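Structure data follow from final.cif (mmCIF, C-alpha atoms):
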```cif
data_entry
#
loop_
_atom_site.label_atom_id
_atom_site.label_comp_id
_atom_site.auth_asym_id
_atom_site.auth_seq_id
_atom_site.Cartn_x
_atom_site.Cartn_y
_atom_site.Cartn_z
CA MET L 1 -7.96 5.44 -20.75
CA PRO L 2 -8.10 1.80 -21.93
CA SER L 3 -7.70 -0.95 -19.38
CA ILE L 4 -4.26 -2.44 -18.84
CA PRO L 5 -4.22 -6.06 -20.14
CA TYR L 6 -3.37 -7.67 -16.81
CA ARG L 7 -3.56 -11.20 -18.14
CA LEU L 8 -0.43 -10.75 -20.21
CA VAL L 9 0.88 -14.31 -20.36
CA ARG L 10 -0.60 -17.63 -19.31
CA PHE L 11 1.17 -20.97 -19.02
CA ASP L 12 -2.02 -23.04 -19.10
CA ASP L 13 -1.57 -24.31 -22.65
CA GLU L 14 1.52 -26.38 -21.87
CA PRO L 15 1.65 -26.68 -18.11
CA PHE L 16 4.23 -29.48 -18.09
CA ALA L 17 6.50 -28.16 -20.83
CA ILE L 18 7.92 -25.27 -18.79
CA GLY L 19 10.48 -25.93 -16.09
CA PRO L 20 10.74 -23.97 -12.82
CA VAL L 21 13.55 -21.73 -14.08
CA GLU L 22 11.61 -20.73 -17.19
CA PHE L 23 8.45 -20.28 -15.13
CA ASP L 24 10.24 -17.99 -12.67
CA ARG L 25 11.72 -16.01 -15.55
CA GLY L 26 8.28 -15.62 -17.12
CA ILE L 27 6.73 -14.49 -13.84
CA ALA L 28 9.55 -12.01 -13.31
CA GLU L 29 8.97 -10.42 -16.71
CA ILE L 30 5.20 -10.13 -16.20
CA ALA L 31 5.52 -8.85 -12.63
CA ARG L 32 7.68 -5.93 -13.73
CA TYR L 33 4.40 -4.23 -14.55
CA TRP L 34 3.70 -3.90 -10.81
CA THR L 35 7.03 -4.40 -9.00
CA GLU L 36 10.79 -4.36 -9.14
CA ILE L 37 12.38 -7.78 -9.36
CA ASP L 38 16.13 -7.30 -9.72
CA ASP L 39 16.75 -4.14 -11.77
CA ASP L 40 17.64 -2.17 -8.61
CA LEU L 41 19.82 -4.79 -6.90
CA ALA L 42 23.13 -4.46 -8.76
CA ASP L 43 24.76 -2.25 -6.12
CA THR L 44 23.35 -4.13 -3.13
CA ASP L 45 25.23 -6.59 -0.92
CA PRO L 46 24.87 -9.97 -2.70
CA ASP L 47 23.30 -11.77 0.28
CA ARG L 48 20.78 -8.99 0.86
CA ALA L 49 20.07 -8.72 -2.87
CA SER L 50 19.42 -12.47 -3.05
CA ARG L 51 16.98 -12.35 -0.12
CA ILE L 52 15.10 -9.41 -1.60
CA ARG L 53 14.89 -10.96 -5.06
CA GLU L 54 13.64 -14.29 -3.67
CA ASP L 55 11.04 -12.49 -1.56
CA ARG L 56 9.84 -10.42 -4.51
CA LEU L 57 9.57 -13.45 -6.76
CA ARG L 58 7.73 -15.45 -4.08
CA ILE L 59 5.10 -12.71 -3.66
CA ALA L 60 4.85 -12.18 -7.43
CA LYS L 61 3.82 -15.81 -7.90
CA PHE L 62 0.85 -15.27 -5.57
CA ASP L 63 -0.11 -12.05 -7.33
CA TYR L 64 0.26 -13.57 -10.79
CA ALA L 65 -2.33 -16.23 -9.96
CA ARG L 66 -4.84 -13.43 -9.26
CA THR L 67 -4.28 -11.42 -12.43
CA ALA L 68 -6.99 -13.30 -14.30
CA TYR L 69 -9.54 -11.80 -11.88
CA TRP L 70 -8.31 -8.20 -12.10
CA HIS L 71 -10.60 -5.96 -14.10
CA ASP L 72 -11.44 -2.29 -14.35
CA PRO L 73 -14.96 -1.14 -13.47
CA GLU L 74 -16.71 0.88 -16.12
CA SER L 75 -16.91 4.68 -16.09
CA ILE L 76 -13.73 5.25 -14.05
CA ASP L 77 -11.20 7.73 -15.42
CA ALA L 78 -7.52 6.93 -14.85
CA ILE L 79 -4.87 9.64 -15.00
CA CYS L 80 -1.60 7.78 -14.69
CA ASP L 81 2.11 8.29 -14.09
CA MET L 82 2.06 11.88 -12.88
CA PRO L 83 5.49 12.73 -11.40
CA TYR L 84 5.33 14.21 -7.91
CA LEU L 85 9.09 14.85 -7.95
CA PRO L 86 11.19 15.95 -10.94
CA ASP L 87 12.79 12.51 -11.35
CA GLY L 88 9.41 10.78 -11.44
CA GLY L 89 9.72 9.43 -14.96
CA TYR L 90 10.83 5.82 -15.31
CA ASP L 91 13.56 4.55 -17.58
CA ALA L 92 15.27 1.46 -16.20
CA GLU L 93 18.21 1.65 -18.60
CA ALA L 94 18.82 5.30 -17.74
CA GLY L 95 18.50 4.56 -14.03
CA GLU L 96 15.63 6.97 -13.48
CA SER L 97 13.34 6.44 -10.52
CA ARG L 98 9.96 4.82 -10.91
CA GLY L 99 9.31 5.55 -7.25
CA HIS L 100 8.08 9.13 -7.66
CA LEU L 101 4.95 8.70 -9.74
CA LEU L 102 1.27 8.67 -8.80
CA ASP L 103 -2.08 7.85 -10.42
CA LEU L 104 -5.54 9.31 -9.95
CA TYR L 105 -8.76 7.30 -10.39
CA LEU L 106 -12.16 8.94 -10.22
CA PRO L 107 -15.71 8.35 -11.47
CA HIS L 108 -16.29 9.92 -14.87
CA SER L 109 -19.57 11.32 -13.56
CA ALA L 110 -17.57 13.51 -11.15
CA MET L 111 -15.59 14.90 -14.08
CA VAL L 112 -18.87 15.68 -15.87
CA ARG L 113 -20.53 17.33 -12.86
CA GLY L 114 -17.46 19.27 -11.75
CA GLY L 115 -17.47 21.03 -8.42
CA ALA L 116 -15.13 20.25 -5.50
CA THR L 117 -17.03 17.74 -3.38
CA LEU L 118 -15.79 14.22 -4.22
CA PRO L 119 -14.18 12.58 -1.13
CA VAL L 120 -10.57 11.50 -1.59
CA PHE L 121 -8.59 8.42 -0.63
CA ILE L 122 -4.80 8.40 -0.89
CA ASP L 123 -3.64 4.79 -1.19
CA ILE L 124 -0.22 3.47 -0.15
CA HIS L 125 0.40 -0.05 -1.47
CA GLY L 126 2.00 -2.85 0.51
CA GLY L 127 4.72 -5.35 -0.27
CA GLY L 128 6.99 -5.81 2.74
CA PHE L 129 8.70 -2.46 2.04
CA THR L 130 10.65 -4.09 -0.83
CA TYR L 131 7.97 -5.13 -3.33
CA GLY L 132 5.38 -3.45 -5.46
CA TYR L 133 4.47 -0.19 -7.12
CA LYS L 134 1.12 1.55 -7.43
CA GLU L 135 0.08 -0.78 -10.27
CA LEU L 136 -0.13 -3.60 -7.72
CA ASN L 137 -3.21 -1.91 -6.21
CA ARG L 138 -4.85 -0.72 -9.43
CA ASN L 139 -7.69 -3.23 -9.14
CA PHE L 140 -8.44 -2.21 -5.54
CA ASN L 141 -8.19 1.50 -6.34
CA MET L 142 -10.54 1.28 -9.32
CA HIS L 143 -13.17 -0.51 -7.25
CA LEU L 144 -12.77 2.01 -4.43
CA ALA L 145 -13.23 4.84 -6.95
CA ALA L 146 -16.38 3.14 -8.26
CA LEU L 147 -17.90 3.52 -4.78
CA GLY L 148 -17.71 7.30 -5.04
CA PHE L 149 -14.16 8.43 -4.33
CA ALA L 150 -11.23 10.05 -6.04
CA VAL L 151 -8.29 7.74 -5.36
CA PHE L 152 -4.68 8.85 -5.56
CA SER L 153 -2.34 5.86 -5.76
CA LEU L 154 1.29 6.49 -4.79
CA ASN L 155 4.62 5.03 -5.70
CA TYR L 156 7.46 5.16 -3.21
CA ARG L 157 10.97 3.79 -3.53
CA PRO L 158 11.21 0.18 -2.33
CA ALA L 159 14.12 -1.11 -0.29
CA PRO L 160 17.00 -1.31 -1.03
CA GLN L 161 16.59 1.94 -2.98
CA THR L 162 15.92 3.72 0.31
CA ASP L 163 15.12 3.08 3.98
CA LEU L 164 12.00 3.62 6.09
CA ARG L 165 12.70 7.32 6.51
CA GLY L 166 13.16 7.68 2.77
CA GLN L 167 9.86 5.95 2.04
CA LEU L 168 8.04 8.25 4.45
CA ALA L 169 9.74 11.24 2.80
CA ASP L 170 8.45 9.98 -0.56
CA VAL L 171 4.92 9.80 0.85
CA GLN L 172 5.27 13.34 2.21
CA ASN L 173 6.41 14.64 -1.17
CA ALA L 174 3.41 12.97 -2.80
CA LEU L 175 1.02 14.47 -0.25
CA ALA L 176 2.52 17.91 -0.80
CA TRP L 177 2.06 17.51 -4.56
CA ILE L 178 -1.60 16.52 -4.06
CA ARG L 179 -2.08 19.51 -1.74
CA ASP L 180 -0.67 21.87 -4.37
CA HIS L 181 -2.57 20.38 -7.33
CA ALA L 182 -5.90 19.36 -5.81
CA ASP L 183 -7.79 22.26 -7.39
CA GLY L 184 -7.21 20.74 -10.81
CA TRP L 185 -9.83 18.02 -10.21
CA PRO L 186 -13.43 17.90 -8.87
CA ILE L 187 -12.37 16.72 -5.41
CA SER L 188 -13.03 17.87 -1.87
CA PRO L 189 -10.24 19.85 -0.17
CA HIS L 190 -11.58 18.76 3.25
CA ASN L 191 -12.65 15.11 3.00
CA ILE L 192 -9.26 13.46 2.50
CA PHE L 193 -8.55 9.97 3.84
CA LEU L 194 -5.53 7.68 3.83
CA THR L 195 -5.56 3.96 3.16
CA GLY L 196 -2.79 1.40 3.07
CA ASP L 197 -2.29 -2.34 3.30
CA SER L 198 0.46 -4.35 4.96
CA ALA L 199 3.66 -2.27 4.67
CA GLY L 200 1.49 0.44 3.13
CA GLY L 201 -0.69 0.29 6.24
CA ALA L 202 2.42 0.95 8.31
CA LEU L 203 3.42 3.88 6.09
CA ALA L 204 -0.12 5.29 6.31
CA TRP L 205 -0.09 4.95 10.12
CA TYR L 206 3.30 6.63 10.44
CA THR L 207 2.18 9.35 8.02
CA LEU L 208 -0.75 10.09 10.34
CA LEU L 209 1.69 10.42 13.23
CA ILE L 210 3.95 12.70 11.19
CA GLU L 211 1.00 14.92 10.28
CA ARG L 212 -0.39 15.06 13.84
CA ASN L 213 2.65 14.87 16.12
CA PRO L 214 5.76 17.10 15.80
CA ASP L 215 7.87 14.62 17.79
CA ALA L 216 7.01 11.85 15.33
CA ALA L 217 7.82 14.11 12.40
CA GLN L 218 11.19 14.90 13.93
CA ALA L 219 11.93 11.23 14.66
CA PHE L 220 11.29 10.36 11.02
CA GLY L 221 13.30 13.30 9.72
CA ILE L 222 10.35 15.24 8.28
CA ALA L 223 10.95 18.95 8.78
CA SER L 224 7.69 20.19 7.24
CA PRO L 225 4.71 17.79 7.05
CA SER L 226 2.29 18.33 4.18
CA GLY L 227 -0.46 19.76 6.38
CA LEU L 228 -3.18 17.99 4.40
CA PRO L 229 -6.41 17.91 6.47
CA ILE L 230 -6.60 14.13 6.81
CA ALA L 231 -10.09 13.24 8.06
CA GLY L 232 -9.41 9.55 8.76
CA ALA L 233 -7.70 6.40 7.55
CA ALA L 234 -8.54 2.82 6.56
CA LEU L 235 -5.66 0.56 7.57
CA VAL L 236 -5.70 -2.97 6.16
CA SER L 237 -3.58 -5.68 7.81
CA GLY L 238 -0.76 -3.29 8.57
CA VAL L 239 2.53 -3.65 10.42
CA PHE L 240 2.18 -1.27 13.35
CA ASP L 241 4.77 -2.29 15.94
CA LEU L 242 8.32 -1.98 14.61
CA THR L 243 10.06 -1.69 17.96
CA GLU L 244 13.20 -3.74 18.40
CA ARG L 245 12.47 -6.67 20.73
CA PRO L 246 15.35 -9.16 20.55
CA ASP L 247 13.88 -11.30 23.34
CA VAL L 248 10.71 -12.26 21.43
CA PRO L 249 9.78 -12.88 17.77
CA SER L 250 8.53 -9.66 16.21
CA ALA L 251 7.64 -8.09 12.88
CA ARG L 252 10.84 -6.04 13.12
CA THR L 253 12.98 -9.17 13.45
CA GLN L 254 11.28 -10.86 10.50
CA LEU L 255 11.59 -7.77 8.31
CA GLU L 256 15.27 -7.32 9.10
CA GLN L 257 15.94 -10.78 7.68
CA THR L 258 14.95 -9.41 4.26
CA VAL L 259 15.41 -5.64 4.26
CA GLY L 260 18.42 -5.61 6.60
CA ARG L 261 18.99 -3.67 9.83
CA GLU L 262 20.04 -0.61 7.85
CA PHE L 263 16.42 -0.12 6.76
CA PHE L 264 15.69 1.15 10.29
CA ASP L 265 18.78 3.36 10.63
CA GLY L 266 18.32 6.20 13.11
CA LEU L 267 15.01 4.93 14.48
CA ASP L 268 15.89 2.66 17.40
CA GLY L 269 13.90 3.73 20.44
CA ALA L 270 11.88 6.25 18.44
CA MET L 271 8.43 6.88 19.91
CA PRO L 272 6.50 6.42 16.60
CA LEU L 273 7.52 2.76 16.30
CA ALA L 274 5.65 1.80 19.51
CA PRO L 275 1.86 1.93 18.98
CA PHE L 276 0.89 2.41 22.65
CA SER L 277 3.02 5.51 23.16
CA ALA L 278 2.21 6.85 19.67
CA ALA L 279 -1.55 6.46 20.16
CA ALA L 280 -1.41 8.04 23.60
CA GLN L 281 0.62 11.05 22.46
CA THR L 282 -1.11 11.84 19.15
CA ALA L 283 -4.49 13.44 18.41
CA LEU L 284 -5.59 10.96 15.76
CA PRO L 285 -8.53 11.14 13.34
CA PRO L 286 -11.03 8.24 13.19
CA LEU L 287 -9.57 4.94 12.00
CA TYR L 288 -11.00 1.87 10.26
CA LEU L 289 -8.99 -1.31 10.94
CA LEU L 290 -9.34 -4.55 8.95
CA THR L 291 -7.77 -7.97 9.41
CA SER L 292 -8.87 -11.61 9.39
CA SER L 293 -8.44 -14.64 11.61
CA ASP L 294 -6.07 -16.30 9.14
CA ASP L 295 -4.00 -13.18 8.47
CA PHE L 296 -0.42 -14.07 9.43
CA ILE L 297 -0.01 -10.64 11.09
CA GLN L 298 -3.49 -10.42 12.59
CA ALA L 299 -1.90 -9.62 15.95
CA GLU L 300 -0.50 -6.35 14.55
CA THR L 301 -3.99 -4.95 13.89
CA LEU L 302 -5.35 -6.27 17.18
CA GLY L 303 -2.39 -4.70 18.99
CA LEU L 304 -3.04 -1.33 17.38
CA ALA L 305 -6.74 -1.58 18.25
CA THR L 306 -5.79 -2.22 21.88
CA ALA L 307 -3.44 0.77 21.89
CA LEU L 308 -6.15 2.99 20.41
CA ALA L 309 -8.72 1.75 22.92
CA CYS L 310 -6.38 2.42 25.85
CA ALA L 311 -5.77 5.94 24.51
CA GLY L 312 -9.51 6.58 24.03
CA ARG L 313 -9.17 7.12 20.27
CA ASP L 314 -12.00 6.84 17.74
CA PHE L 315 -11.71 3.62 15.72
CA GLU L 316 -13.65 0.66 14.42
CA LEU L 317 -12.18 -2.85 14.19
CA HIS L 318 -13.25 -5.47 11.64
CA ASP L 319 -11.64 -8.84 12.37
CA VAL L 320 -13.21 -11.24 9.86
CA LYS L 321 -13.64 -14.75 11.22
CA VAL L 322 -12.69 -17.32 8.58
CA ALA L 323 -14.34 -20.75 8.54
CA PRO L 324 -12.01 -23.77 8.81
CA THR L 325 -13.02 -24.81 5.27
CA GLU L 326 -12.10 -21.43 3.73
CA THR L 327 -9.24 -18.97 3.55
CA LEU L 328 -8.88 -15.22 3.16
CA GLY L 329 -5.32 -14.59 4.28
CA HIS L 330 -3.35 -11.38 4.21
CA VAL L 331 -4.86 -8.15 2.76
CA PHE L 332 -7.67 -10.09 1.08
CA SER L 333 -9.75 -6.98 0.42
CA VAL L 334 -6.95 -5.46 -1.66
CA CYS L 335 -5.56 -8.52 -3.44
CA MET L 336 -8.88 -10.27 -4.06
CA SER L 337 -11.48 -7.53 -4.36
CA TRP L 338 -13.94 -9.82 -6.16
CA LEU L 339 -14.62 -11.94 -3.04
CA PRO L 340 -17.89 -11.33 -1.15
CA GLU L 341 -15.89 -10.63 2.01
CA SER L 342 -13.84 -8.05 0.11
CA GLN L 343 -16.95 -6.41 -1.29
CA ARG L 344 -18.30 -6.09 2.24
CA ALA L 345 -15.01 -4.57 3.39
CA LEU L 346 -15.05 -2.05 0.53
CA GLN L 347 -18.58 -1.06 1.47
CA GLN L 348 -17.51 -0.69 5.12
CA ILE L 349 -14.66 1.58 4.04
CA HIS L 350 -17.13 3.63 1.99
CA ASP L 351 -19.53 3.92 4.94
CA PHE L 352 -16.71 4.80 7.36
CA ALA L 353 -15.44 7.59 5.12
CA TYR L 354 -18.83 9.05 4.30
CA ARG L 355 -19.76 9.10 8.02
CA ASN L 356 -16.66 11.18 8.66
CA CYS L 357 -17.10 13.63 5.78
CA ARG L 358 -18.06 17.21 6.48
#
```
For the file at hand, write its structure as structure tokens.
Amino acid sequence: MPSIPYRLVRFDDEPFAIGPVEFDRGIAEIARYWTEIDDDLADTDPDRASRIREDRLRIAKFDYARTAYWHDPESIDAICDMPYLPDGGYDAEAGESRGHLLDLYLPHSAMVRGGATLPVFIDIHGGGFTYGYKELNRNFNMHLAALGFAVFSLNYRPAPQTDLRGQLADVQNALAWIRDHADGWPISPHNIFLTGDSAGGALAWYTLLIERNPDAAQAFGIASPSGLPIAGAALVSGVFDLTERPDVPSARTQLEQTVGREFFDGLDGAMPLAPFSAAAQTALPPLYLLTSSDDFIQAETLGLATALACAGRDFELHDVKVAPTETLGHVFSVCMSWLPESQRALQQIHDFAYRNCR
């Protein structure tokens, strides 16, 4: 499949001829390749819709600046836009859901050799639960595949299309589809790993709990988890503590300012939202955790690492120290895979997964 032309539009030729309104409109049009902007906000409360649109556009500006560096490694096959639910096709004018599609990336050599041995990563993209589709992580997924993995990349419905329970139900439906169709590709049925960044890291973490803990599955409204034999997970700069703590600033409080309180409907006091109780009560597979010293939610990863350590779980923590003259920021290994630090992180993820293959 030919590479997607990421660098669709540049404003470099006349940098002073385009005002901020026109620039925002141009970014919004380009970013529709990898995210919703406002097509799904018509039926949303105006104040909430405005907050979500502003947040999406703000993040899109950061991502747009990186598109010039996105490229596809050679010899990776991409099988794109497979619907994991019947409404998976996307037609904005017809109102069909883009949230129920997935991609598969895998080395062409694996297709040539055949067999059923290639380790698998299932990637859940980030974006504050409101932003992004699988295309946002295409660059990361292609480079992960180039290291010797089959990589499934999932869409899920962003808020306000659904809430946290609905997003986790989307992930479960995607996992069930992969379970039922895995024999169509040269991939291992045993060596299956999850990965996710930021909000996707949270969804990957909660998916592990759903798969391994019946109480967590019940709390999230999942009657029948997929049962995929998940051998481990690589969690990148995730949001892992979504308990309600009105007395102190928290990730939950900050998220509610954008997604609204209704995003967490039915989950107040639920065990899975508190990492210490969840880690203690769940038989977890090995975990790889990545953050950096200038990640604005570094404390979330360090908090999960502490919870895992107290529960005696198997994990490895990589907290990259950033020099005062440099910056890495949030989910650097996913958003900026060309950096040396990102290349090291990708190799660490490879080594972690291959150590835990059987």
**Message:** Using the chain letters and numbers from this file, what does the PyMOL selection byres ((chain L and resi 56-62) around 10) select? Give the answer as a PyMOL selection string.
**Reply:** chain L and resi 23-25+27-28+30-32+34-38+50-55+63-67+127-128+130-132+136+335
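Nearest residue to Pro107 in chain L, choosing from L:Phe332, L:Phe129, L:Trp205, L:Trp185 and counting all atoms listed in the file: L:Trp185.
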**Asked** Written as a ChimeraX atom specification, which residues does the PyMOL selection byres ((chain L and resi 188) around 9) give for the file shown?
**Response** /L:115-120,182-183,185-187,189-192
**Message:** Just the number, please: distance in Å from CA of Asp351 in chain L to CA of Ala146 in chain L, one decimal.
**Reply:**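 Between CA of Asp351 in chain L and CA of Ala146 in chain L the gap is 13.6 Å.
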**Protein and nucleic acid residues near (-5.5, -0.7, 14.7) (cut-off 9 Å, only C-alpha atoms) as a ChimeraX atom specification** = /L:235-238,240,275,287-290,300-308,315-317
Give me a file of those residues, with C-alpha atoms, as a PDB file, keeping the file's coordinate frame.
```pdb
ATOM      1  CA  LEU L 235      -5.660   0.560   7.570  1.00  0.00           C
ATOM      2  CA  VAL L 236      -5.700  -2.970   6.160  1.00  0.00           C
ATOM      3  CA  SER L 237      -3.580  -5.680   7.810  1.00  0.00           C
ATOM      4  CA  GLY L 238      -0.760  -3.290   8.570  1.00  0.00           C
ATOM      5  CA  PHE L 240       2.180  -1.270  13.350  1.00  0.00           C
ATOM      6  CA  PRO L 275       1.860   1.930  18.980  1.00  0.00           C
ATOM      7  CA  LEU L 287      -9.570   4.940  12.000  1.00  0.00           C
ATOM      8  CA  TYR L 288     -11.000   1.870  10.260  1.00  0.00           C
ATOM      9  CA  LEU L 289      -8.990  -1.310  10.940  1.00  0.00           C
ATOM     10  CA  LEU L 290      -9.340  -4.550   8.950  1.00  0.00           C
ATOM     11  CA  GLU L 300      -0.500  -6.350  14.550  1.00  0.00           C
ATOM     12  CA  THR L 301      -3.990  -4.950  13.890  1.00  0.00           C
ATOM     13  CA  LEU L 302      -5.350  -6.270  17.180  1.00  0.00           C
ATOM     14  CA  GLY L 303      -2.390  -4.700  18.990  1.00  0.00           C
ATOM     15  CA  LEU L 304      -3.040  -1.330  17.380  1.00  0.00           C
ATOM     16  CA  ALA L 305      -6.740  -1.580  18.250  1.00  0.00           C
ATOM     17  CA  THR L 306      -5.790  -2.220  21.880  1.00  0.00           C
ATOM     18  CA  ALA L 307      -3.440   0.770  21.890  1.00  0.00           C
ATOM     19  CA  LEU L 308      -6.150   2.990  20.410  1.00  0.00           C
ATOM     20  CA  PHE L 315     -11.710   3.620  15.720  1.00  0.00           C
ATOM     21  CA  GLU L 316     -13.650   0.660  14.420  1.00  0.00           C
ATOM     22  CA  LEU L 317     -12.180  -2.850  14.190  1.00  0.00           C
TER      23      LEU L 317
END
```
**Prompt:** Taking into account only C-alpha atoms, which residue in the set L:Gly126, L:Pro73, L:Gly196, L:Gly227 is nearest to Tyr105 in chain L?
**Reply:**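 Of L:Gly126, L:Pro73, L:Gly196, L:Gly227, the one nearest Tyr105 in chain L is L:Pro73, counting only C-alpha atoms.
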Explicit residues for the PyMOL selection byres ((chain L and resi 75) around 12) (as a compact mmCIF listing (two decimals) with C-alpha atoms, in the frame of the given file):
```txt
# COMPACT_ATOMS: atom_id res chain seq x y z
CA MET L 1 -7.96 5.44 -20.75
CA PRO L 2 -8.10 1.80 -21.93
CA SER L 3 -7.70 -0.95 -19.38
CA ASP L 72 -11.44 -2.29 -14.35
CA PRO L 73 -14.96 -1.14 -13.47
CA GLU L 74 -16.71 0.88 -16.12
CA ILE L 76 -13.73 5.25 -14.05
CA ASP L 77 -11.20 7.73 -15.42
CA ALA L 78 -7.52 6.93 -14.85
CA TYR L 105 -8.76 7.30 -10.39
CA LEU L 106 -12.16 8.94 -10.22
CA PRO L 107 -15.71 8.35 -11.47
CA HIS L 108 -16.29 9.92 -14.87
CA SER L 109 -19.57 11.32 -13.56
CA ALA L 110 -17.57 13.51 -11.15
CA MET L 111 -15.59 14.90 -14.08
CA VAL L 112 -18.87 15.68 -15.87
CA MET L 142 -10.54 1.28 -9.32
CA HIS L 143 -13.17 -0.51 -7.25
CA ALA L 145 -13.23 4.84 -6.95
CA ALA L 146 -16.38 3.14 -8.26
CA LEU L 147 -17.90 3.52 -4.78
CA GLY L 148 -17.71 7.30 -5.04
```
**Item:** Contacts of Ser292 in chain L at 7 Å (all atoms listed in the file; same-chain gap of 5+ positions) as a PyMOL selection string
**Value:** chain L and resi 298+319-322+329
**Request:** Would you work out the distance separating CA of Asn139 in chain L from CA of Gln167 in chain L, expressed in Å to one decimal?
**Result:**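 Separation of CA of Asn139 in chain L and CA of Gln167 in chain L: 22.7 Å.
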**Counting only C-alpha atoms, the residue of L:Asp215, L:Phe140, L:Thr258, L:Thr207 that sits nearest Gln343 in chain L** =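 The answer is L:Phe140, which sits nearest to Gln343 in chain L.
Pairwise distance (CA of Phe296 in chain L, CA of Gly200 in chain L) equals 15.9 Å.
Comparing the minimum interatomic distances between Asp294 in chain L and each of L:Ile79, L:Leu273, L:Ala309, L:Ala323, counting only C-alpha atoms, we find that L:Ala323 sits nearest.
Comparing the minimum interatomic distances between His125 in chain L and each of L:Ser277, L:Thr327, L:Asn173, L:Thr195, counting only C-alpha atoms, we find that L:Thr195 sits nearest.
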**Message:** I want to know what sits within 7 Å of range 83-88 of chain L, based on only C-alpha atoms, with residues of the same chain fewer than 3 positions away left out; could you give that as a list in words?
**Reply:**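 Close residues of range 83-88 of chain L: Glu96, Ser97, Arg98, Gly99, His100, Leu101, Leu102, Asn173, Ala174 and Trp177 of chain L.
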**Request:** May I have the protein, DNA and RNA residues with an atom at most 12 Å from (8.3, 13.2, 16.3), counting only C-alpha atoms in the file's coordinates, returned as a PyMOL selection string?
**Result:** chain L and resi 206-225+267+269-273+277-278+281-282
**Message:** Could you check the closest approach to Asp47 in chain L for each of L:Ala202, L:Val259, L:Leu144, L:Ile230 and tell me which residue wins, using only C-alpha atoms?
**Reply:** L:Val259
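Omitting Ala274 in chain L and its sequence neighbours fewer than 5 positions away, and counting all atoms listed in the file, the residues within 7 Å are Asp241, Leu242 and Thr243 of chain L.
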